[in-house]
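Reproduced below: protein.tsv, with TSV, C-alpha atoms and all ligand atoms.
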```tsv
chain	number	residue	atom	x	y	z
A	1	MET	CA	-36.02	10.34	-63.11
A	2	HIS	CA	-34.59	10.43	-66.65
A	3	SER	CA	-32.92	7.08	-67.17
A	4	LYS	CA	-31.89	4.33	-64.78
A	5	ASP	CA	-28.63	6.07	-63.83
A	6	GLN	CA	-29.39	9.73	-64.48
A	7	ILE	CA	-30.76	11.56	-61.50
A	8	CYS	CA	-31.95	15.14	-61.97
A	9	HIS	CA	-32.17	18.03	-59.52
A	10	GLU	CA	-35.91	17.51	-59.04
A	11	ASP	CA	-35.29	13.92	-57.89
A	12	TYR	CA	-33.01	15.07	-55.07
A	13	GLN	CA	-35.44	17.87	-54.23
A	14	ARG	CA	-38.44	15.51	-54.11
A	15	THR	CA	-36.70	13.28	-51.54
A	16	ALA	CA	-35.50	16.29	-49.53
A	17	ASP	CA	-39.01	17.80	-49.50
A	18	TRP	CA	-40.49	14.49	-48.36
A	19	LEU	CA	-38.01	14.26	-45.47
A	20	LEU	CA	-38.62	17.91	-44.51
A	21	SER	CA	-42.33	17.15	-44.35
A	22	GLN	CA	-41.75	14.14	-42.06
A	23	THR	CA	-39.42	15.60	-39.43
A	24	GLN	CA	-38.99	18.87	-37.56
A	25	HIS	CA	-35.23	18.32	-37.40
A	26	ARG	CA	-33.12	20.60	-39.63
A	27	PRO	CA	-29.62	19.05	-39.54
A	28	LYS	CA	-26.42	20.93	-40.25
A	29	VAL	CA	-24.28	17.79	-39.91
A	30	ALA	CA	-24.65	14.44	-41.68
A	31	ILE	CA	-22.86	11.28	-40.60
A	32	ILE	CA	-22.38	8.24	-42.85
A	33	CYS	CA	-21.69	5.07	-40.86
A	34	GLY	CA	-19.30	2.46	-42.19
A	35	SER	CA	-19.50	-1.32	-41.84
A	36	GLY	CA	-20.49	-2.25	-38.32
A	37	LEU	CA	-20.35	1.39	-37.19
A	38	GLY	CA	-24.09	2.12	-37.30
A	39	MET	CA	-24.25	2.40	-33.51
A	40	LEU	CA	-23.20	6.05	-33.94
A	41	ALA	CA	-26.86	6.72	-34.71
A	42	ASP	CA	-27.95	5.19	-31.41
A	43	ALA	CA	-26.47	8.15	-29.55
A	44	LEU	CA	-28.89	10.60	-31.23
A	45	LYS	CA	-31.56	12.01	-28.90
A	46	CYS	CA	-35.17	12.83	-29.92
A	47	GLN	CA	-34.90	10.52	-32.90
A	48	ASP	CA	-37.01	10.45	-36.04
A	49	SER	CA	-35.96	7.47	-38.10
A	50	PHE	CA	-36.90	6.22	-41.54
A	51	LYS	CA	-36.21	2.91	-43.21
A	52	TYR	CA	-34.49	3.49	-46.57
A	53	SER	CA	-37.28	1.43	-48.18
A	54	ASP	CA	-39.84	4.03	-46.97
A	55	ILE	CA	-37.97	7.08	-48.34
A	56	PRO	CA	-38.99	8.02	-51.88
A	57	GLY	CA	-36.05	7.72	-54.29
A	58	PHE	CA	-33.62	6.24	-51.74
A	59	PRO	CA	-31.48	3.23	-52.71
A	60	GLN	CA	-31.52	0.10	-50.51
A	61	SER	CA	-28.66	-1.32	-48.39
A	62	THR	CA	-27.79	-4.94	-49.07
A	63	VAL	CA	-24.64	-5.43	-46.93
A	64	LYS	CA	-24.55	-7.05	-43.48
A	65	GLY	CA	-23.64	-4.43	-40.87
A	66	HIS	CA	-25.51	-1.67	-42.78
A	67	ALA	CA	-28.97	-1.44	-41.20
A	68	GLY	CA	-30.60	0.75	-43.86
A	69	ARG	CA	-32.07	3.52	-41.69
A	70	LEU	CA	-31.83	7.27	-41.84
A	71	VAL	CA	-31.91	8.72	-38.34
A	72	PHE	CA	-32.48	12.38	-37.46
A	73	GLY	CA	-31.80	13.62	-33.93
A	74	GLU	CA	-29.60	15.61	-31.61
A	75	LEU	CA	-26.06	14.98	-30.41
A	76	LYS	CA	-25.21	17.23	-27.46
A	77	GLY	CA	-27.88	19.65	-28.66
A	78	LYS	CA	-26.64	19.76	-32.28
A	79	THR	CA	-29.07	18.51	-34.91
A	80	CYS	CA	-27.69	15.71	-37.09
A	81	VAL	CA	-28.81	13.18	-39.64
A	82	CYS	CA	-27.14	9.79	-39.65
A	83	MET	CA	-27.06	7.09	-42.32
A	84	GLN	CA	-27.07	3.71	-40.61
A	85	GLY	CA	-25.72	1.99	-43.66
A	86	ARG	CA	-24.24	3.30	-46.88
A	87	PHE	CA	-24.32	2.21	-50.50
A	88	HIS	CA	-21.36	0.68	-52.30
A	89	MET	CA	-20.50	0.45	-55.97
A	90	TYR	CA	-19.97	-3.32	-55.65
A	91	GLU	CA	-23.63	-3.77	-54.64
A	92	GLY	CA	-24.47	-2.83	-58.20
A	93	HIS	CA	-25.50	0.76	-57.44
A	94	SER	CA	-24.46	3.45	-59.91
A	95	LEU	CA	-22.22	6.11	-58.32
A	96	SER	CA	-25.13	8.57	-58.64
A	97	LYS	CA	-27.14	6.23	-56.41
A	98	VAL	CA	-24.23	5.71	-54.01
A	99	THR	CA	-24.00	9.48	-53.53
A	100	PHE	CA	-27.74	10.30	-53.81
A	101	PRO	CA	-28.13	10.90	-50.05
A	102	VAL	CA	-25.30	13.45	-49.99
A	103	ARG	CA	-27.07	15.79	-52.41
A	104	VAL	CA	-30.31	15.27	-50.53
A	105	PHE	CA	-28.47	16.31	-47.34
A	106	LYS	CA	-27.25	19.45	-49.10
A	107	LEU	CA	-30.86	20.32	-49.92
A	108	LEU	CA	-31.81	19.71	-46.27
A	109	GLY	CA	-29.28	22.38	-45.26
A	110	VAL	CA	-26.40	20.13	-44.19
A	111	GLU	CA	-23.05	21.95	-44.15
A	112	THR	CA	-20.67	19.29	-42.80
A	113	LEU	CA	-20.34	15.65	-43.82
A	114	MET	CA	-18.67	13.14	-41.49
A	115	VAL	CA	-17.83	9.80	-43.05
A	116	THR	CA	-16.67	6.65	-41.33
A	117	ASN	CA	-15.56	3.37	-42.81
A	118	ALA	CA	-13.95	0.05	-42.01
A	119	ALA	CA	-10.59	-0.36	-43.75
A	120	GLY	CA	-7.57	-2.62	-43.98
A	121	SER	CA	-4.16	-1.16	-43.17
A	122	LEU	CA	-1.10	-1.10	-45.45
A	123	ALA	CA	1.00	1.15	-43.21
A	124	ASP	CA	3.44	-1.03	-41.26
A	125	SER	CA	3.02	1.00	-38.08
A	126	TYR	CA	-0.78	0.59	-37.92
A	127	ASN	CA	-2.55	-2.00	-35.78
A	128	CYS	CA	-5.96	-3.60	-35.86
A	129	GLY	CA	-8.35	-1.37	-33.91
A	130	ASP	CA	-6.49	1.86	-34.75
A	131	ILE	CA	-8.56	4.87	-35.74
A	132	MET	CA	-7.23	6.74	-38.76
A	133	ILE	CA	-8.20	10.34	-39.30
A	134	ILE	CA	-8.34	10.67	-43.09
A	135	ARG	CA	-5.94	13.33	-44.38
A	136	ASP	CA	-6.49	12.60	-48.08
A	137	HIS	CA	-7.68	9.87	-50.40
A	138	ILE	CA	-6.75	8.03	-53.58
A	139	ASN	CA	-9.87	7.29	-55.58
A	140	PHE	CA	-8.94	4.36	-57.82
A	141	PRO	CA	-12.33	4.04	-59.55
A	142	GLY	CA	-12.29	7.82	-60.01
A	143	LEU	CA	-8.82	7.80	-61.59
A	144	ALA	CA	-10.15	5.20	-64.02
A	145	GLY	CA	-13.14	7.36	-64.95
A	146	LEU	CA	-15.76	5.95	-62.59
A	147	ASN	CA	-16.77	9.20	-60.95
A	148	PRO	CA	-20.12	10.32	-59.53
A	149	LEU	CA	-19.47	13.77	-61.03
A	150	SER	CA	-19.22	12.38	-64.57
A	151	GLY	CA	-21.97	13.36	-66.97
A	152	PRO	CA	-23.73	16.71	-67.28
A	153	ASN	CA	-22.68	19.00	-64.43
A	154	ASP	CA	-25.47	20.29	-62.18
A	155	ASP	CA	-24.28	23.88	-61.67
A	156	LYS	CA	-26.80	24.32	-58.84
A	157	PHE	CA	-24.63	21.94	-56.80
A	158	GLY	CA	-21.14	22.99	-57.86
A	159	PRO	CA	-18.57	23.63	-60.59
A	160	ARG	CA	-17.66	21.37	-63.53
A	161	PHE	CA	-14.03	21.02	-62.41
A	162	PRO	CA	-13.88	20.96	-58.61
A	163	PRO	CA	-10.48	21.02	-56.86
A	164	MET	CA	-9.72	18.07	-54.58
A	165	SER	CA	-6.81	19.49	-52.59
A	166	GLY	CA	-7.49	20.12	-48.92
A	167	VAL	CA	-10.87	18.40	-48.98
A	168	TYR	CA	-10.56	16.84	-45.51
A	169	ASP	CA	-10.96	19.88	-43.27
A	170	LYS	CA	-7.73	20.74	-41.45
A	171	SER	CA	-9.31	22.36	-38.42
A	172	LEU	CA	-11.66	19.40	-37.83
A	173	ARG	CA	-8.69	17.03	-38.10
A	174	LYS	CA	-6.80	19.04	-35.50
A	175	MET	CA	-9.84	19.19	-33.25
A	176	ALA	CA	-10.23	15.40	-33.52
A	177	PHE	CA	-6.58	14.92	-32.48
A	178	ASP	CA	-7.05	17.20	-29.47
A	179	ILE	CA	-10.17	15.28	-28.45
A	180	CYS	CA	-8.35	11.94	-28.78
A	181	LYS	CA	-5.61	13.32	-26.54
A	182	SER	CA	-8.09	14.40	-23.91
A	183	MET	CA	-9.86	11.02	-24.17
A	184	GLY	CA	-6.49	9.30	-23.55
A	185	VAL	CA	-6.67	7.27	-26.77
A	186	SER	CA	-3.93	8.96	-28.85
A	187	GLN	CA	-1.83	5.80	-28.79
A	188	TYR	CA	-4.14	4.20	-31.33
A	189	VAL	CA	-5.01	7.25	-33.41
A	190	GLN	CA	-3.30	7.79	-36.76
A	191	GLU	CA	-3.62	10.22	-39.64
A	192	GLY	CA	-3.23	8.95	-43.18
A	193	VAL	CA	-4.29	8.33	-46.75
A	194	TYR	CA	-7.37	6.22	-47.51
A	195	CYS	CA	-7.59	4.46	-50.84
A	196	MET	CA	-10.87	3.41	-52.39
A	197	VAL	CA	-10.95	0.29	-54.53
A	198	GLY	CA	-14.07	-1.12	-56.18
A	199	GLY	CA	-14.37	-4.38	-54.23
A	200	PRO	CA	-16.11	-6.64	-53.32
A	201	ASN	CA	-13.01	-8.84	-53.15
A	202	PHE	CA	-10.28	-8.01	-50.67
A	203	GLU	CA	-6.78	-7.39	-52.11
A	204	SER	CA	-4.51	-9.97	-53.68
A	205	ILE	CA	-0.98	-9.93	-52.29
A	206	ALA	CA	0.35	-8.28	-55.47
A	207	GLU	CA	-2.35	-5.58	-55.23
A	208	ALA	CA	-1.49	-5.05	-51.57
A	209	GLY	CA	2.17	-4.60	-52.56
A	210	LEU	CA	1.18	-2.02	-55.17
A	211	LEU	CA	-0.96	-0.02	-52.73
A	212	HIS	CA	1.83	-0.14	-50.15
A	213	LYS	CA	4.35	1.22	-52.68
A	214	LEU	CA	1.92	3.99	-53.57
A	215	GLY	CA	1.92	5.18	-49.96
A	216	VAL	CA	-1.62	4.11	-49.14
A	217	ASP	CA	-2.17	3.80	-45.38
A	218	ALA	CA	-5.61	2.18	-45.43
A	219	VAL	CA	-7.79	0.62	-48.12
A	220	GLY	CA	-11.55	0.22	-48.32
A	221	MET	CA	-14.46	0.09	-50.74
A	222	SER	CA	-16.31	3.34	-50.11
A	223	THR	CA	-16.07	6.96	-48.96
A	224	ALA	CA	-14.35	8.65	-51.93
A	225	PRO	CA	-17.57	9.03	-54.00
A	226	GLU	CA	-19.52	10.55	-51.09
A	227	VAL	CA	-16.63	12.87	-50.26
A	228	LEU	CA	-16.30	14.01	-53.90
A	229	VAL	CA	-19.97	14.90	-54.11
A	230	ALA	CA	-20.00	16.61	-50.70
A	231	SER	CA	-16.96	18.68	-51.54
A	232	HIS	CA	-18.36	19.53	-54.99
A	233	CYS	CA	-21.42	21.11	-53.37
A	234	GLY	CA	-19.36	23.04	-50.83
A	235	MET	CA	-19.69	20.87	-47.72
A	236	ARG	CA	-16.97	20.66	-45.11
A	237	VAL	CA	-15.71	17.06	-44.85
A	238	PHE	CA	-14.27	14.98	-42.03
A	239	GLY	CA	-13.46	11.27	-42.29
A	240	LEU	CA	-12.44	8.39	-40.02
A	241	SER	CA	-11.30	4.89	-40.94
A	242	LEU	CA	-11.42	2.15	-38.38
A	243	ILE	CA	-8.58	-0.27	-39.08
A	244	THR	CA	-10.33	-3.64	-38.89
A	245	ASN	CA	-7.50	-5.75	-40.34
A	246	LYS	CA	-3.96	-5.61	-41.60
A	247	VAL	CA	-3.91	-6.25	-45.34
A	248	VAL	CA	-1.95	-9.43	-46.09
A	249	LYS	CA	1.21	-8.35	-47.92
A	250	SER	CA	3.36	-11.48	-47.86
A	251	TYR	CA	3.05	-14.87	-49.52
A	252	GLU	CA	4.43	-16.31	-46.26
A	253	ASP	CA	1.49	-14.98	-44.28
A	254	ASN	CA	-1.37	-17.47	-43.82
A	255	GLU	CA	-3.83	-14.89	-42.45
A	256	SER	CA	-6.88	-13.94	-44.47
A	257	VAL	CA	-9.58	-11.33	-43.96
A	258	SER	CA	-13.37	-11.76	-43.89
A	259	HIS	CA	-16.33	-9.40	-43.61
A	260	GLU	CA	-17.27	-11.12	-40.33
A	261	ALA	CA	-13.85	-10.27	-38.86
A	262	VAL	CA	-14.28	-6.68	-40.07
A	263	LEU	CA	-17.64	-6.41	-38.24
A	264	GLU	CA	-16.16	-7.96	-35.09
A	265	VAL	CA	-13.37	-5.34	-34.84
A	266	SER	CA	-15.82	-2.52	-35.66
A	267	LYS	CA	-17.82	-3.57	-32.60
A	268	MET	CA	-14.70	-3.46	-30.42
A	269	ARG	CA	-14.08	0.25	-31.08
A	270	SER	CA	-17.68	1.39	-31.42
A	271	GLU	CA	-17.82	3.23	-28.08
A	272	THR	CA	-14.61	5.18	-28.70
A	273	LEU	CA	-15.75	6.20	-32.16
A	274	GLN	CA	-19.11	7.26	-30.84
A	275	ALA	CA	-17.48	9.35	-28.11
A	276	LEU	CA	-15.05	10.97	-30.58
A	277	VAL	CA	-17.72	11.87	-33.14
A	278	THR	CA	-20.08	13.16	-30.43
A	279	GLU	CA	-17.41	15.39	-28.89
A	280	LEU	CA	-16.31	16.67	-32.28
A	281	ILE	CA	-19.87	17.65	-33.18
A	282	SER	CA	-20.42	19.22	-29.77
A	283	ARG	CA	-17.33	21.44	-30.29
A	284	MET	CA	-18.30	22.44	-33.83
A	285	ASP	CA	-19.59	25.91	-34.42
A	286	ILE	CA	-23.13	25.12	-35.59
A	287	ASN	CA	-26.28	27.16	-35.22
A	288	ASN	CA	-29.30	24.94	-34.82
A	289	ASN	CA	-32.62	25.73	-36.34
A	290	THR	CA	-35.85	23.75	-36.43
A	291	ALA	CA	-38.85	23.74	-38.75
B	301	LIG	O1	-18.89	0.79	-45.78
B	301	LIG	P1	-17.47	0.46	-45.45
B	301	LIG	O2	-16.49	1.12	-46.34
B	301	LIG	O3	-17.15	0.68	-43.99
B	301	LIG	O4	-17.33	-1.11	-45.68
B	301	LIG	C1	-16.08	-1.80	-45.72
B	301	LIG	C2	-15.73	-2.10	-47.17
B	301	LIG	C3	-16.66	-3.26	-47.48
B	301	LIG	O5	-17.95	-2.77	-47.78
B	301	LIG	C4	-16.72	-4.02	-46.21
B	301	LIG	C5	-15.74	-5.14	-46.18
B	301	LIG	O6	-15.79	-5.81	-44.95
B	301	LIG	O7	-16.32	-3.07	-45.17
B	302	LIG	N1	-10.57	-3.26	-49.87
B	302	LIG	C1	-10.64	-3.51	-48.58
B	302	LIG	N2	-11.69	-3.10	-47.87
B	302	LIG	C2	-11.73	-3.37	-46.55
B	302	LIG	N3	-12.64	-3.07	-45.63
B	302	LIG	C3	-12.21	-3.54	-44.44
B	302	LIG	N4	-11.03	-4.16	-44.58
B	302	LIG	C4	-10.71	-4.05	-45.89
B	302	LIG	C5	-9.58	-4.49	-46.66
B	302	LIG	O1	-8.64	-5.10	-46.17
B	302	LIG	N5	-9.60	-4.18	-47.99
```

Please re-express this file's structure in C-alpha cells.
Ligand SMILES: O=P(O)(O)O[C@@H]1C[C@H](O)[C@@H](CO)O1
Ligand SMILES: Nc1nc2[nH]cnc2c(=O)[nH]1
Amino acid sequence: MHSKDQICHEDYQRTADWLLSQTQHRPKVAIICGSGLGMLADALKCQDSFKYSDIPGFPQSTVKGHAGRLVFGELKGKTCVCMQGRFHMYEGHSLSKVTFPVRVFKLLGVETLMVTNAAGSLADSYNCGDIMIIRDHINFPGLAGLNPLSGPNDDKFGPRFPPMSGVYDKSLRKMAFDICKSMGVSQYVQEGVYCMVGGPNFESIAEAGLLHKLGVDAVGMSTAPEVLVASHCGMRVFGLSLITNKVVKSYEDNESVSHEAVLEVSKMRSETLQALVTELISRMDINNNTA
C-alpha cells in the first residue's frame, strides 16, 4: 500500500490470491447487495463465506443492513461471489476503497457484475416496492471530480478515458424484463435512470425538485463508483434499484424517509429480487470452472 488512499495493483492481487487460496470456487459473476438486500447471498449453495474483517486488505462495512460478508457459492450451478454489504463514500471510505472489491473480483476471473441498491423514486409513475432495472446513471460525485478512476491510471485494468455509454448491458436488461414477465411481476418493474449522490442525508425538497427536473428516476448513495470501475476493466454490468420510498418533492407533504423504512421495504421485496437475480444468472451464458 503506498499511501492511505492509493492502492496499487499488488494490493488487489494480494487479496485475490488470498481468496483463491481459501476457496475452490472460481466465480464468473459477482453480486453486490444493497441496503437490506443481503439475503441474495443466502440462496448460494455450497457456500464458502468470509467476514470482511478476515480478508486481507478489505474495507469494513459500518451500515445497518450491510452484514459485511463475502460469500462464494453456486446459484443454479453457476459459480458466484456475493458481497453481503457494500462500502459507501459517506462512511468515510475513499472511492478506491469503495471499489476495491470490484478489482479484486476482476483478478478472480469475474466477468459480470450485478449491483443492487435501495433508492428513492423521483419518477411520478413509480411506487414504493417497484423494482427498477437501471438503464443508465448520473454520477453526481463523479461529475464534480470525485471519481474512483482519478489518479494514475492502471493500464492493466483499463484505459485512461473509458466510455460510459451503454454500460448497463442491453441484453441482460431485456432478459430481466422477460423473466419478470414470466414471473408475473411486470406490473411493478420499471426501467430508468439512477442518480448517485454523496449522502448520508436524504434529499432536501429543493434538491429533489432539481433531480426531478434533470430526469432522474431514482436516487441513492452508491452503485456508480462500482459500476465505473467494473466497466473500466471490461466487465459486463447489470443493475437493479429497489424503490424503498418516494422522495418528498413538495413542501405540503409531511412524509419523511428513514433508513429503517428503507430496510423494511427491502425486506418486503427480497424474495422477488432473489428469484429474479437467480433466474437471470441461470440463463446467462457462463462456463464454470473450479480450482
Ligand atoms: O447500499 P445502498 O445504496 O442500497 O444503500 C442505500 C443508500 C444508503 O446507504 C441507504 C439509505 O437508507 O440505502
Ligand atoms: N439519496 C437517497 N438514497 C436513498 N436510499 C434509499 N432511499 C433513498 C433516498 O430517498 N435518497

Draw an axis-aligned box over all listed atoms of ligand LIG 302 (chain B), pad each side with 5 Å, and write its centre and edge lengths in Å, one decimal, as lines of an AutoDock Vina configuration file.
```
center_x = -10.6
center_y = -4.1
center_z = -47.2
size_x = 14.0
size_y = 12.0
size_z = 15.4
```

Measuring atom to atom with all atoms listed in the file, identify which of A:Ser256, A:Asn245, A:Thr223, A:Ser96 is nearest to ligand LIG 301 (chain B).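 Ranked by minimum distance to ligand LIG 301 (chain B), first place goes to A:Thr223.
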
Go through chain A residue by residue and, counting all atoms listed in the file, keep those with an atom at most 6 Å from ligand LIG 302 (chain B); for each kept residue give the shortest atom pair and its distance in Å to one decimal, ordered by chain and increasing number, as a Markdown table.
```
| residue | atom | partner | partner_atom | distance |
| --- | --- | --- | --- | --- |
| A:Ala118 | CA | B:LIG302 | C3 | 4.7 |
| A:Ala119 | CA | B:LIG302 | C3 | 3.6 |
| A:Gly120 | CA | B:LIG302 | O1 | 3.5 |
| A:Val197 | CA | B:LIG302 | N1 | 5.9 |
| A:Gly199 | CA | B:LIG302 | N1 | 5.9 |
| A:Phe202 | CA | B:LIG302 | N5 | 4.7 |
| A:Glu203 | CA | B:LIG302 | N5 | 5.9 |
| A:Val219 | CA | B:LIG302 | C1 | 5.0 |
| A:Gly220 | CA | B:LIG302 | N2 | 3.4 |
| A:Met221 | CA | B:LIG302 | N2 | 5.1 |
| A:Thr244 | CA | B:LIG302 | N4 | 5.8 |
| A:Asn245 | CA | B:LIG302 | N4 | 5.7 |
| A:Val247 | CA | B:LIG302 | O1 | 4.9 |
| A:Val262 | CA | B:LIG302 | C3 | 5.8 |
```

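Taking atom CA of Cys82 of chain A and atom CA of Ala224 of chain A as the two end points, the separation is 17.8 Å.
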
Residues near segment 213-218 of chain A, cut-off 10 Å, only C-alpha atoms, skip fewer than 2 positions along chain, as number ranges by chain: A: 118-126, 132, 134, 136-138, 190-196, 207-211, 220, 241-247

Straight-line distance linking atom CA of Gly234 of chain A with atom CA of Asp154 of chain A, stated in Å to one decimal: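 Between these atoms lies a distance of 13.2 Å.
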
Can you work out the spacing between atom CA of Ala67 of chain A and atom CA of His259 of chain A in Å, to one decimal?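 Going from atom CA of Ala67 of chain A over to atom CA of His259 of chain A, I get 15.1 Å.
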
Determine the nearest neighbour of ligand LIG 301 (chain B) from the options A:Val189, A:Ala43, A:Ile281, A:Leu37, counting all atoms listed in the file.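 Smallest distance to ligand LIG 301 (chain B) is found for A:Leu37.
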
Taking only C-alpha atoms and all ligand atoms into account, which of A:Pro162, A:Pro27, A:Gly73, A:Gly85 comes nearest ligand LIG 301 (chain B)?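 The shortest atom-to-atom distance to ligand LIG 301 (chain B) comes from A:Gly85.
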
Between A:Ala275, A:Met83, A:Cys46, A:Ala41, which is the closest to ligand LIG 301 (chain B) once you count all atoms listed in the file?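 Distance minimum relative to ligand LIG 301 (chain B) lands on A:Met83.
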
Name the residues in contact with Ser35 of chain A at a cut-off of 7 Å, using only C-alpha atoms, excluding same-chain residues fewer than 5 positions from it; report them as a list in words.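 With the cut-off at 7 Å, the set is Gly65, His66, Asn117, Ala118 and Leu263 of chain A.
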